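S.K.: Pasting start_28.pdb here (PDB, C-alpha atoms):
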ATOM      1  CA  MET A   1      28.917  54.802  31.279
ATOM      2  CA  GLU A   2      31.866  56.085  33.266
ATOM      3  CA  GLU A   3      31.415  57.189  36.845
ATOM      4  CA  LYS A   4      31.265  60.968  37.302
ATOM      5  CA  VAL A   5      34.054  62.770  39.150
ATOM      6  CA  ILE A   6      32.586  65.020  41.808
ATOM      7  CA  LYS A   7      34.790  67.324  43.858
ATOM      8  CA  THR A   8      34.265  70.538  45.750
ATOM      9  CA  GLU A   9      35.852  73.665  44.330
ATOM     10  CA  GLU A  10      38.311  73.593  47.248
ATOM     11  CA  GLU A  11      39.358  70.062  46.237
ATOM     12  CA  TRP A  12      39.831  71.194  42.616
ATOM     13  CA  LYS A  13      41.981  74.130  43.809
ATOM     14  CA  LYS A  14      44.283  71.683  45.597
ATOM     15  CA  ILE A  15      44.912  69.501  42.539
ATOM     16  CA  LEU A  16      44.927  72.070  39.705
ATOM     17  CA  SER A  17      47.395  74.883  39.138
ATOM     18  CA  PRO A  18      45.885  78.385  39.480
ATOM     19  CA  GLU A  19      45.983  78.736  35.666
ATOM     20  CA  GLN A  20      44.259  75.378  35.128
ATOM     21  CA  TYR A  21      41.649  76.211  37.755
ATOM     22  CA  LYS A  22      40.812  79.511  36.057
ATOM     23  CA  VAL A  23      40.206  77.775  32.706
ATOM     24  CA  LEU A  24      38.788  74.405  33.759
ATOM     25  CA  ARG A  25      36.582  75.473  36.660
ATOM     26  CA  GLU A  26      35.952  79.196  36.053
ATOM     27  CA  LYS A  27      35.520  78.972  32.250
ATOM     28  CA  GLY A  28      38.541  81.115  31.492
ATOM     29  CA  THR A  29      40.447  81.194  28.198
ATOM     30  CA  GLU A  30      44.184  81.140  27.652
ATOM     31  CA  ARG A  31      45.663  83.660  25.237
ATOM     32  CA  PRO A  32      45.782  82.405  21.621
ATOM     33  CA  PHE A  33      49.047  80.959  20.308
ATOM     34  CA  THR A  34      50.433  80.492  23.840
ATOM     35  CA  GLY A  35      49.207  77.031  24.782
ATOM     36  CA  GLU A  36      51.434  73.982  25.081
ATOM     37  CA  TYR A  37      49.356  71.894  22.656
ATOM     38  CA  ASN A  38      48.579  74.461  19.951
ATOM     39  CA  LEU A  39      51.454  73.338  17.709
ATOM     40  CA  HIS A  40      51.852  69.891  19.295
ATOM     41  CA  HIS A  41      52.213  67.024  16.777
ATOM     42  CA  GLU A  42      53.029  63.860  18.757
ATOM     43  CA  ASN A  43      50.881  60.742  18.419
ATOM     44  CA  GLY A  44      48.722  59.887  21.389
ATOM     45  CA  ILE A  45      45.602  60.802  23.322
ATOM     46  CA  TYR A  46      44.520  64.167  24.711
ATOM     47  CA  THR A  47      42.776  63.844  28.069
ATOM     48  CA  CYS A  48      40.835  66.182  30.349
ATOM     49  CA  GLY A  49      43.326  68.178  32.394
ATOM     50  CA  ALA A  50      41.173  67.809  35.498
ATOM     51  CA  CYS A  51      40.072  64.151  35.559
ATOM     52  CA  GLY A  52      41.977  62.277  32.833
ATOM     53  CA  ASN A  53      38.914  61.463  30.710
ATOM     54  CA  GLU A  54      40.133  60.538  27.198
ATOM     55  CA  LEU A  55      38.738  63.174  24.815
ATOM     56  CA  PHE A  56      40.640  63.327  21.506
ATOM     57  CA  THR A  57      43.291  61.387  19.591
ATOM     58  CA  SER A  58      46.151  62.998  17.713
ATOM     59  CA  ASP A  59      44.628  62.004  14.361
ATOM     60  CA  MET A  60      41.573  64.141  15.190
ATOM     61  CA  LYS A  61      43.766  67.247  15.595
ATOM     62  CA  PHE A  62      44.336  69.813  12.856
ATOM     63  CA  ASP A  63      45.865  73.270  12.566
ATOM     64  CA  SER A  64      42.973  75.696  12.316
ATOM     65  CA  GLY A  65      45.165  78.781  12.657
ATOM     66  CA  CYS A  66      42.955  80.077  15.477
ATOM     67  CA  GLY A  67      45.666  79.844  18.156
ATOM     68  CA  TRP A  68      44.197  76.977  20.180
ATOM     69  CA  PRO A  69      44.375  73.211  19.698
ATOM     70  CA  SER A  70      41.610  72.172  17.286
ATOM     71  CA  PHE A  71      39.997  68.790  16.724
ATOM     72  CA  ASP A  72      37.334  67.677  14.241
ATOM     73  CA  ARG A  73      35.616  65.153  16.526
ATOM     74  CA  GLU A  74      35.782  63.608  19.981
ATOM     75  CA  ILE A  75      36.517  60.023  20.968
ATOM     76  CA  GLU A  76      33.306  57.994  20.755
ATOM     77  CA  GLY A  77      31.390  57.386  23.946
ATOM     78  CA  ASN A  78      29.799  60.680  24.935
ATOM     79  CA  LYS A  79      33.032  62.143  26.326
ATOM     80  CA  ILE A  80      31.984  65.791  25.909
ATOM     81  CA  ASP A  81      28.782  67.709  26.664
ATOM     82  CA  THR A  82      27.775  70.986  25.016
ATOM     83  CA  ILE A  83      26.144  73.923  26.774
ATOM     84  CA  ARG A  84      24.657  77.025  25.142
ATOM     85  CA  ASP A  85      26.964  79.960  25.874
ATOM     86  CA  ILE A  86      25.705  83.516  25.344
ATOM     87  CA  SER A  87      28.613  85.310  27.044
ATOM     88  CA  PHE A  88      30.458  88.256  25.492
ATOM     89  CA  GLY A  89      27.558  89.061  23.138
ATOM     90  CA  MET A  90      28.008  85.826  21.158
ATOM     91  CA  ILE A  91      26.035  82.614  20.833
ATOM     92  CA  ARG A  92      28.376  79.635  21.043
ATOM     93  CA  LYS A  93      28.457  76.004  22.178
ATOM     94  CA  GLU A  94      30.666  75.546  25.207
ATOM     95  CA  ILE A  95      32.242  72.104  25.547
ATOM     96  CA  VAL A  96      32.711  70.490  28.949
ATOM     97  CA  CYS A  97      34.101  67.159  30.067
ATOM     98  CA  ASN A  98      31.208  64.753  30.548
ATOM     99  CA  LYS A  99      33.014  63.042  33.436
ATOM    100  CA  CYS A 100      33.864  66.037  35.659
ATOM    101  CA  GLY A 101      32.064  69.025  34.107
ATOM    102  CA  SER A 102      35.246  71.018  33.520
ATOM    103  CA  HIS A 103      35.352  73.686  30.810
ATOM    104  CA  LEU A 104      37.338  72.683  27.723
ATOM    105  CA  GLY A 105      36.548  75.399  25.171
ATOM    106  CA  HIS A 106      33.929  75.694  22.409
ATOM    107  CA  VAL A 107      32.811  73.794  19.324
ATOM    108  CA  PHE A 108      32.074  75.570  16.062
ATOM    109  CA  ASP A 109      30.426  74.476  12.800
ATOM    110  CA  ASP A 110      33.289  75.689  10.597
ATOM    111  CA  GLY A 111      35.660  72.724  10.577
ATOM    112  CA  PRO A 112      37.453  71.724   7.364
ATOM    113  CA  THR A 113      36.823  67.963   7.485
ATOM    114  CA  ASP A 114      33.737  65.904   6.721
ATOM    115  CA  THR A 115      32.464  66.408  10.306
ATOM    116  CA  GLY A 116      32.225  70.167   9.713
ATOM    117  CA  LEU A 117      33.229  70.664  13.367
ATOM    118  CA  ARG A 118      36.068  72.510  15.051
ATOM    119  CA  TYR A 119      36.523  71.721  18.720
ATOM    120  CA  CYS A 120      38.567  74.715  19.881
ATOM    121  CA  VAL A 121      40.194  73.678  23.162
ATOM    122  CA  ASN A 122      42.388  75.413  25.715
ATOM    123  CA  SER A 123      45.748  73.665  26.186
ATOM    124  CA  LEU A 124      45.308  74.220  29.925
ATOM    125  CA  SER A 125      42.194  72.012  29.716
ATOM    126  CA  LEU A 126      44.242  69.111  28.373
ATOM    127  CA  ASN A 127      46.924  66.624  29.259
ATOM    128  CA  PHE A 128      48.596  64.358  26.726
ATOM    129  CA  LYS A 129      49.482  60.662  26.802
ATOM    130  CA  GLY A 130      51.989  59.770  24.076
ATOM    131  CA  GLU A 131      52.053  56.418  22.325
TER     132      GLU A 131
END
Take the structure in this file and express it as structure tokens.

M.R.:
Amino acid sequence: MEEKVIKTEEEWKKILSPEQYKVLREKGTERPFTGEYNLHHENGIYTCGACGNELFTSDMKFDSGCGWPSFDREIEGNKIDTIRDISFGMIRKEIVCNKCGSHLGHVFDDGPTDTGLRYCVNSLSLNFKGE
């Protein structure tokens, strides 16, 4: 198991942009269809924007039409935790990085592949390492 990344909120503010901090640490959401990785199609690995934890590969990505990058599964190895989210009058499953606890987005049970999952992720929660 990977070692957890533990930082104070002041430390996170120093290393993340204000926009990243709002999404990753304050559970914000970027506007749909505006994120850098929504229509991104390069081959590689998507990592946590806060700590670099490898979360998804490009072959896990699909165009869901929802306006955010979508993936049908995570990289094996318990990379993502889910938390019950009852904000905004909805019941959802929030997804957070298992290494640093940063907010990534939500996972839904309406995916089009055999997993039946749609990991709906903020681009600001991700970085990308090309092949």

S.K.: Between atom CA of A:Glu30 and atom CA of A:Phe88, what is the spacing in Å?

M.R.: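 Atom-to-atom, atom CA of A:Phe88 to atom CA of A:Glu30, that is 15.6 Å.
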
S.K.: Taking all atoms listed in the file into account, which of A:Ser70, A:Ser17, A:Phe56, A:Lys7 comes nearest A:Phe33?

M.R.: A:Ser70

S.K.: For stretch 38-44 of chain A, find every residue with an atom within 12 Å (counting all atoms listed in the file), except residues of its own chain fewer than 3 positions away, and show them as a ChimeraX atom specification.

M.R.: /A:30-35,47,54-71,120-131

S.K.: For the selection just defined, write its residues with C-alpha atoms to a file, as a PDB file, keeping the file's coordinate frame.

M.R.:
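Generated file (part_37.pdb):
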ATOM      1  CA  GLU A  30      44.184  81.140  27.652  1.00  0.00           C
ATOM      2  CA  ARG A  31      45.663  83.660  25.237  1.00  0.00           C
ATOM      3  CA  PRO A  32      45.782  82.405  21.621  1.00  0.00           C
ATOM      4  CA  PHE A  33      49.047  80.959  20.308  1.00  0.00           C
ATOM      5  CA  THR A  34      50.433  80.492  23.840  1.00  0.00           C
ATOM      6  CA  GLY A  35      49.207  77.031  24.782  1.00  0.00           C
ATOM      7  CA  THR A  47      42.776  63.844  28.069  1.00  0.00           C
ATOM      8  CA  GLU A  54      40.133  60.538  27.198  1.00  0.00           C
ATOM      9  CA  LEU A  55      38.738  63.174  24.815  1.00  0.00           C
ATOM     10  CA  PHE A  56      40.640  63.327  21.506  1.00  0.00           C
ATOM     11  CA  THR A  57      43.291  61.387  19.591  1.00  0.00           C
ATOM     12  CA  SER A  58      46.151  62.998  17.713  1.00  0.00           C
ATOM     13  CA  ASP A  59      44.628  62.004  14.361  1.00  0.00           C
ATOM     14  CA  MET A  60      41.573  64.141  15.190  1.00  0.00           C
ATOM     15  CA  LYS A  61      43.766  67.247  15.595  1.00  0.00           C
ATOM     16  CA  PHE A  62      44.336  69.813  12.856  1.00  0.00           C
ATOM     17  CA  ASP A  63      45.865  73.270  12.566  1.00  0.00           C
ATOM     18  CA  SER A  64      42.973  75.696  12.316  1.00  0.00           C
ATOM     19  CA  GLY A  65      45.165  78.781  12.657  1.00  0.00           C
ATOM     20  CA  CYS A  66      42.955  80.077  15.477  1.00  0.00           C
ATOM     21  CA  GLY A  67      45.666  79.844  18.156  1.00  0.00           C
ATOM     22  CA  TRP A  68      44.197  76.977  20.180  1.00  0.00           C
ATOM     23  CA  PRO A  69      44.375  73.211  19.698  1.00  0.00           C
ATOM     24  CA  SER A  70      41.610  72.172  17.286  1.00  0.00           C
ATOM     25  CA  PHE A  71      39.997  68.790  16.724  1.00  0.00           C
ATOM     26  CA  CYS A 120      38.567  74.715  19.881  1.00  0.00           C
ATOM     27  CA  VAL A 121      40.194  73.678  23.162  1.00  0.00           C
ATOM     28  CA  ASN A 122      42.388  75.413  25.715  1.00  0.00           C
ATOM     29  CA  SER A 123      45.748  73.665  26.186  1.00  0.00           C
ATOM     30  CA  LEU A 124      45.308  74.220  29.925  1.00  0.00           C
ATOM     31  CA  SER A 125      42.194  72.012  29.716  1.00  0.00           C
ATOM     32  CA  LEU A 126      44.242  69.111  28.373  1.00  0.00           C
ATOM     33  CA  ASN A 127      46.924  66.624  29.259  1.00  0.00           C
ATOM     34  CA  PHE A 128      48.596  64.358  26.726  1.00  0.00           C
ATOM     35  CA  LYS A 129      49.482  60.662  26.802  1.00  0.00           C
ATOM     36  CA  GLY A 130      51.989  59.770  24.076  1.00  0.00           C
ATOM     37  CA  GLU A 131      52.053  56.418  22.325  1.00  0.00           C
TER      38      GLU A 131
END

S.K.: Please identify all polymer residues within 8 Å of A:Ile83, counting all atoms listed in the file, omitting same-chain residues fewer than 6 positions from it, and present them as a PyMOL selection string.

M.R.: chain A and resi 93-96

S.K.: Find the residue from A:Arg92, A:Lys99, A:His106, A:Arg73 that sits nearest to A:Val5; use all atoms listed in the file when measuring.

M.R.: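 Result for the nearest residue to A:Val5: A:Lys99.
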
S.K.: Could you tell me which of A:Ser102, A:Gly89, A:Lys14, A:Asn53 comes closest to A:Glu76 if we count all atoms listed in the file?

M.R.: A:Asn53

S.K.: What is the distance between atom CA of A:Lys79 and atom CA of A:Phe108, in Å to one decimal?

M.R.: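 The value is 16.9 Å.
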
S.K.: Find the residues around A:Leu117 up to 6 Å (all atoms listed in the file counted), leave out those fewer than 4 positions away in its own chain, and share them as a list of chain:residue names.

M.R.: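 The neighbour list is A:Asp72, A:Phe108, A:Asp109, A:Asp110, A:Gly111.
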
S.K.: Just to confirm, what's the straight-line distance from atom CA of A:Ala50 to atom CA of A:Glu19 in Å (one decimal)?

M.R.: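 Result for atom CA of A:Ala50 versus atom CA of A:Glu19: 11.9 Å, one decimal.
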
S.K.: Ranking A:Glu74, A:Gly28, A:Leu16, A:Arg84 by minimum distance to A:Tyr46 and counting only C-alpha atoms, which one comes first?

M.R.: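 Under the stated criterion, the closest residue is A:Glu74.
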
S.K.: For A:Gly105, which residue out of A:Tyr21, A:Trp12, A:Tyr37, A:Tyr119 is the nearest one, using only C-alpha atoms?

M.R.: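 Of all the options, A:Tyr119 lies closest to A:Gly105.
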